[in-house]
Amino acid sequence: MTTQVLKFVELSEHDRRQTGSMRKLEKDDRVELRVMRKDGGDQTVSLAPHAAMLLEDVLGHLLRGERVAVLAEDQELSPNDAATILGLSRPSVVHRMDVGDLPFHYVGKHRRARLKDVLALKSKVDMQQVALNALAQETEALMRDYGL
């Protein structure tokens with residue numbers, strides 16, 4: 001049985017209208033989260049500044065109608081989940097694992113890679129793509145300007 005690691009959350013149009021907007025947090029702002037329980041009780045939790053900034057970012061994305069997924073850095077991903085993040089096919093991810101580009105380990109007979117390793121590979125692949133695009137533009141300019 002497999003579990004889906006990437007769980008996206010999004011707000012409906014109705015929920016986005018109900019939520020309203022929030023001013024940008026200032027340096028010395030204090031953020032408290034109030035939870036109103038269905039049994040009538042409530043709980044208030046004070047948030048550390050970095051946690052408050054994270055929630056501000058998440059809320060901003062949700063209010064713009066974007067989907068959000070939150071994962072821990074050490075979260076283990078299947079090749080399918082890694083493929084989703086990398087924008088590659090599952091066989092391409094397995095190949096990257098086999099050639100050593102993406103560290104992984106086995107859980108039983110299933111491959112697992114850590115999110116931080118997947119994100120490191122994504123950063124490397126994205127930088128390579130930027131370099132390839134720049135090279136392609138340069139090549140096109142040379143062909144256009146000098147007929148090469």
# chains A, B, ... in the order shown; residues from 1 in each chain; ligands from 1
call {"tool": "residues_around", "arguments": {"residues": "Glu76 in chain A", "least_positions_apart": "2", "cutoff": "8 Å", "atoms": "only C-alpha atoms", "output": "PDB file with C-alpha atoms, in the first residue's frame"}}
result
ATOM      1  CA  ASP A  74      13.976  14.854   5.640  1.00  0.00           C
ATOM      2  CA  SER A  78       9.078   7.668  -3.779  1.00  0.00           C
ATOM      3  CA  ARG A 112      13.256   6.308  -1.329  1.00  0.00           C
ATOM      4  CA  ALA A 113      15.057   9.642  -1.690  1.00  0.00           C
ATOM      5  CA  ARG A 114      15.113  12.490   0.816  1.00  0.00           C
ATOM      6  CA  LEU A 115      13.361  15.718  -0.129  1.00  0.00           C
TER       7      LEU A 115
END
call {"tool": "residues_around", "arguments": {"residues": "range 12-26 of chain A", "least_positions_apart": "6", "cutoff": "8 Å", "atoms": "only C-alpha atoms", "output": "ChimeraX atom specification"}}
result
/A:53,56,62-63,65
call {"tool": "write_last_selection", "arguments": {"atoms": "C-alpha atoms", "output": "tab-separated table (two decimals), in the first residue's frame"}}
result
chain	number	residue	atom	x	y	z
A	53	MET	CA	6.44	34.31	8.38
A	56	GLU	CA	2.04	34.38	6.15
A	62	LEU	CA	-3.64	30.18	-0.84
A	63	LEU	CA	-5.39	33.54	-1.12
A	65	GLY	CA	-5.66	30.67	-5.56
call {"tool": "closest_residue", "arguments": {"among": "A:Arg64, A:Val45, A:Asp126, A:Asp98", "to": "Ile85 in chain A", "atoms": "only C-alpha atoms"}}
result
A:Asp126
call {"tool": "select_by_dssp", "arguments": {"residues": "range 12-95 of chain A", "states": "strand (DSSP E or B)", "output": "list of chain:residue names"}}
result
A:Val31, A:Glu32, A:Leu33, A:Arg34, A:Val35, A:Met36, A:Asp42, A:Gln43, A:Thr44, A:Val45, A:Ser46, A:Leu47, A:Val68, A:Glu76, A:Leu77
call {"tool": "write_last_selection", "arguments": {"atoms": "C-alpha atoms", "output": "PDB file, in the first residue's frame"}}
result
ATOM      1  CA  VAL A  31       1.401  36.422  16.049  1.00  0.00           C
ATOM      2  CA  GLU A  32      -0.963  34.202  17.971  1.00  0.00           C
ATOM      3  CA  LEU A  33      -3.043  31.446  16.493  1.00  0.00           C
ATOM      4  CA  ARG A  34      -6.458  30.985  18.071  1.00  0.00           C
ATOM      5  CA  VAL A  35      -8.135  27.622  17.657  1.00  0.00           C
ATOM      6  CA  MET A  36     -11.842  27.489  18.428  1.00  0.00           C
ATOM      7  CA  ASP A  42     -10.478  27.456  22.513  1.00  0.00           C
ATOM      8  CA  GLN A  43      -6.711  27.484  22.559  1.00  0.00           C
ATOM      9  CA  THR A  44      -4.222  30.219  21.740  1.00  0.00           C
ATOM     10  CA  VAL A  45      -0.727  29.398  20.540  1.00  0.00           C
ATOM     11  CA  SER A  46       2.022  32.019  20.239  1.00  0.00           C
ATOM     12  CA  LEU A  47       4.088  31.579  17.081  1.00  0.00           C
ATOM     13  CA  VAL A  68       0.315  24.584  -1.411  1.00  0.00           C
ATOM     14  CA  GLU A  76      11.309  10.430   2.148  1.00  0.00           C
ATOM     15  CA  LEU A  77       9.882  10.429  -1.344  1.00  0.00           C
TER      16      LEU A  77
END
call {"tool": "atom_distance", "arguments": {"atom1": "CA of Glu73 in chain A", "atom2": "CA of Ser92 in chain A"}}
result
22.2 Å
call {"tool": "closest_residue", "arguments": {"among": "A:Gly147, A:Leu54, A:Val118, A:Leu71", "to": "Val93 in chain A", "atoms": "only C-alpha atoms"}}
result
A:Val118
call {"tool": "select_by_dssp", "arguments": {"residues": "range 7-131 of chain A", "states": "helix (DSSP H, G or I)", "output": "ChimeraX atom specification"}}
result
/A:13-19,49-63,79-86,90-98,115-131
call {"tool": "atom_distance", "arguments": {"atom1": "CA of Asn80 in chain A", "atom2": "CA of Glu66 in chain A"}}
result
21.9 Å
call {"tool": "closest_residue", "arguments": {"among": "A:His110, A:His50, A:Lys116, A:Lys38", "to": "Ala72 in chain A", "atoms": "only C-alpha atoms"}}
result
A:Lys116
call {"tool": "closest_residue", "arguments": {"among": "A:Ala134, A:Ala51, A:Val94, A:Val70", "to": "Arg111 in chain A", "atoms": "only C-alpha atoms"}}
result
A:Val94
call {"tool": "atom_distance", "arguments": {"atom1": "CA of Leu102 in chain A", "atom2": "CA of Lys122 in chain A"}}
result
10.0 Å
call {"tool": "closest_residue", "arguments": {"among": "A:Ala141, A:Ala69, A:Val107, A:Leu88", "to": "Phe8 in chain A", "atoms": "only C-alpha atoms"}}
result
A:Ala69
